[in-house]
Amino acid sequence: MSEFDSLLSKLLEQKPDITKAQIDELIQRKKEKIGAGYLTDQGALFLIASDLGVSLSEPLKVEMGLKDLYVGAKEITLATRVMNVYPVKQFSRKDGSQFLLRTMTVYDGDSRAQVKLWDEKANLPGIENLKPGDLVKIIKAYVKSDMRGNPIINVGSGSNIEPNGTTSTIPSLDAITDDVSNVKENQQNLVVTGILDGNLRTTEFTNFKGEPGKSLQLRLKGKDGNIMRVVLWNKDESTVPKVVTSGAKTRLIGVKTKVGQMGLEIHGDEGTVLEIEGAAEIEPVIIRILSMTKSDSGNTLILGATQDKKLVSISDMAHITKDLAVGDVVECMPS
């Protein structure tokens with residue numbers, strides 16, 4: 001008898017009013033709710049048992065995969081890779097005491113999961129130096145559920161996270177990166193890549209609590225030529241290279257999809273890692289002017305070409321190019 005069959009028999013013994021067919025149906029519903037490919041039948045069985053108030057006290061393997069997580073698991077050890085790490089935050093309990101919390105996302109060959117690091121574990125030595133794709137081992141963690149019933153890994157006083165070597169069978173970050181044209185509705189913890197279409201823009205606003213907020217907005221073009229809007233909440237252009245050209249290869253680590261007013265969109269937050277091809281320092285650009293026109297607002301719009309035949313658009317709002325003409329070669333300092 002397999003381990004799954006043994007656990008199923010134990011559940012049916014404690015709940016004789018439920019049939020195997022009903023359990024099979026509950027397993028499928030649980031897997032559909034959490035997402036296809038994110039949960040095994042055995043992991044779903046543990047969640048169902050928890051919902052029914054039944055304890056399946058089978059001994060755990062020393063190490064388990066993210067796909068086998070279930071609510072109530074204790075002292076589990078997992079080998080994973082880092083997807084992204086959020087900044088640490090401070091919260092207040094009902095009694096007025098303070099606590100620290102940091103969230104990170106990890107993945108293995110089968111699934112992806114959220115990890116919460118509590119109090120002193122939120123500032124483990126080296127935690128802020130972890131980069132996407134780094135191998136880590138989570139030791140003696142416990143599992144609770146979020147508001148949707150999904151299992152969340154918790155690292156408390158008796159738990160730890162440590163580096164886990166340099167080689168692993170867990171796929172690299174490049175291996176799980178997908179083109180933006182392939183994303184679908186209601187996906188989470190994605191790593192997507194595309195071509196930057198147009199400029200990046202930071203928007204400031206006031207949220208429903210009356211607090212100031214900001215978002216970094218951009219558009220990505222996929223291999224199929226379609227363009228998708230991207231909104232990264234609580235981010236601004238300080239995380240972007242100083243010089244970024246339209247058409248730069250871009251990767252987003254730790255995002256989700258959402259249907260907005262303009263259709264399917266990609267959303268991220270302060271934990272999202274944004275990688276854009278660009279230069280850290282601003283350097284002068286030498287161009288030959290191809291055309292000069294006036295906009296409705298009176299600005300001079302210039303189209304130029306660099307020596308390697310890349311097109312450059314210039315908007316002169318200070319009227320400093322009035323003495324230039326088509327064919328002139330000029331040196332510009334981008335801003």
# chains A, B, ... in the order shown; residues from 1 in each chain; ligands from 1
>>> residues_around(residues="Gly109 (chain A)", least_positions_apart="2", cutoff="10 Å", atoms="only C-alpha atoms", output="ChimeraX atom specification")
/A:65-67,80-81,107,111-112,169-172,176
>>> write_last_selection(atoms="C-alpha atoms", output="compact mmCIF listing (two decimals), in the first residue's frame")
# COMPACT_ATOMS: atom_id res chain seq x y z
CA GLY A 65 9.24 19.45 -1.48
CA LEU A 66 7.12 22.58 -1.72
CA LYS A 67 4.46 20.56 -3.53
CA THR A 80 14.79 25.71 -2.39
CA ARG A 81 15.96 28.63 -4.51
CA TYR A 107 10.74 27.80 -5.49
CA SER A 111 6.21 24.62 -7.00
CA ARG A 112 6.58 28.09 -5.45
CA THR A 169 18.79 19.87 -9.51
CA ILE A 170 16.37 22.75 -8.78
CA PRO A 171 15.93 24.75 -12.04
CA SER A 172 17.87 28.00 -12.35
CA ILE A 176 11.75 29.27 -15.06
>>> closest_atom_pairs(of="region 46-138 of chain A", to="region 143-161 of chain A", cutoff="9 Å", atoms="only C-alpha atoms", output="JSON lines")
{"residue": "A:Leu47", "atom": "CA", "partner": "A:Gly149", "partner_atom": "CA", "distance": 8.5}
{"residue": "A:Leu69", "atom": "CA", "partner": "A:Pro151", "partner_atom": "CA", "distance": 6.6}
{"residue": "A:Tyr70", "atom": "CA", "partner": "A:Pro151", "partner_atom": "CA", "distance": 5.9}
{"residue": "A:Val71", "atom": "CA", "partner": "A:Lys144", "partner_atom": "CA", "distance": 5.0}
{"residue": "A:Gly72", "atom": "CA", "partner": "A:Val143", "partner_atom": "CA", "distance": 5.5}
{"residue": "A:Ala73", "atom": "CA", "partner": "A:Val143", "partner_atom": "CA", "distance": 5.2}
{"residue": "A:Lys74", "atom": "CA", "partner": "A:Val143", "partner_atom": "CA", "distance": 6.5}
{"residue": "A:Glu75", "atom": "CA", "partner": "A:Ser159", "partner_atom": "CA", "distance": 7.8}
{"residue": "A:Ile76", "atom": "CA", "partner": "A:Val143", "partner_atom": "CA", "distance": 8.4}
{"residue": "A:Ala113", "atom": "CA", "partner": "A:Ile152", "partner_atom": "CA", "distance": 6.7}
{"residue": "A:Gln114", "atom": "CA", "partner": "A:Ile152", "partner_atom": "CA", "distance": 5.6}
{"residue": "A:Val115", "atom": "CA", "partner": "A:Ile153", "partner_atom": "CA", "distance": 4.6}
{"residue": "A:Lys116", "atom": "CA", "partner": "A:Asn154", "partner_atom": "CA", "distance": 4.9}
{"residue": "A:Leu117", "atom": "CA", "partner": "A:Val155", "partner_atom": "CA", "distance": 4.8}
{"residue": "A:Trp118", "atom": "CA", "partner": "A:Gly156", "partner_atom": "CA", "distance": 5.5}
{"residue": "A:Asp119", "atom": "CA", "partner": "A:Gly156", "partner_atom": "CA", "distance": 7.6}
{"residue": "A:Glu120", "atom": "CA", "partner": "A:Ser157", "partner_atom": "CA", "distance": 7.6}
{"residue": "A:Lys121", "atom": "CA", "partner": "A:Gly156", "partner_atom": "CA", "distance": 6.5}
{"residue": "A:Ala122", "atom": "CA", "partner": "A:Val155", "partner_atom": "CA", "distance": 8.7}
{"residue": "A:Leu124", "atom": "CA", "partner": "A:Ile161", "partner_atom": "CA", "distance": 8.0}
{"residue": "A:Ile127", "atom": "CA", "partner": "A:Ile161", "partner_atom": "CA", "distance": 8.5}
{"residue": "A:Val136", "atom": "CA", "partner": "A:Ile161", "partner_atom": "CA", "distance": 6.6}
{"residue": "A:Lys137", "atom": "CA", "partner": "A:Ile161", "partner_atom": "CA", "distance": 5.7}
{"residue": "A:Ile138", "atom": "CA", "partner": "A:Ile161", "partner_atom": "CA", "distance": 4.6}
>>> closest_residue(among="A:Ser181, A:Gln187, A:Thr300, A:Thr257", to="Ile227 (chain A)", atoms="only C-alpha atoms")
A:Ser181
>>> select_by_dssp(residues="region 245-283 of chain A", states="strand (DSSP E)", output="ChimeraX atom specification")
/A:249-260,263-268,273-276
>>> atom_distance(atom1="CA of Gly53 (chain A)", atom2="CA of Lys20 (chain A)")
17.1 Å
>>> residues_around(residues="Asp174 (chain A)", least_positions_apart="5", cutoff="10 Å", atoms="only C-alpha atoms", output="list of chain:residue names")
A:Gly133, A:Val191, A:Val192, A:Thr193
>>> residues_around(residues="Asn234 (chain A)", least_positions_apart="4", cutoff="8 Å", atoms="only C-alpha atoms", output="MDAnalysis selection string")
chainID A and resid 213:216 269:270
>>> write_last_selection(atoms="N, CA and C atoms", output="mmCIF file, in the first residue's frame")
data_model
loop_
_atom_site.group_PDB
_atom_site.id
_atom_site.type_symbol
_atom_site.label_atom_id
_atom_site.label_comp_id
_atom_site.auth_asym_id
_atom_site.auth_seq_id
_atom_site.Cartn_x
_atom_site.Cartn_y
_atom_site.Cartn_z
ATOM 1 N N GLY A 213 1.176 57.216 -1.943
ATOM 2 C CA GLY A 213 1.637 55.990 -2.598
ATOM 3 C C GLY A 213 2.292 56.319 -3.928
ATOM 4 N N LYS A 214 2.914 55.330 -4.516
ATOM 5 C CA LYS A 214 3.565 55.530 -5.809
ATOM 6 C C LYS A 214 3.569 54.210 -6.568
ATOM 7 N N SER A 215 3.753 54.315 -7.863
ATOM 8 C CA SER A 215 3.852 53.111 -8.701
ATOM 9 C C SER A 215 4.744 53.407 -9.886
ATOM 10 N N LEU A 216 5.464 52.391 -10.322
ATOM 11 C CA LEU A 216 6.291 52.478 -11.517
ATOM 12 C C LEU A 216 5.565 51.729 -12.623
ATOM 13 N N ASP A 269 5.197 44.483 -6.757
ATOM 14 C CA ASP A 269 5.229 45.362 -5.589
ATOM 15 C C ASP A 269 6.671 45.607 -5.175
ATOM 16 N N GLU A 270 6.867 46.064 -3.925
ATOM 17 C CA GLU A 270 8.217 46.420 -3.490
ATOM 18 C C GLU A 270 9.161 45.221 -3.447
#
>>> atom_distance(atom1="CA of Val54 (chain A)", atom2="CA of Asp41 (chain A)")
16.6 Å
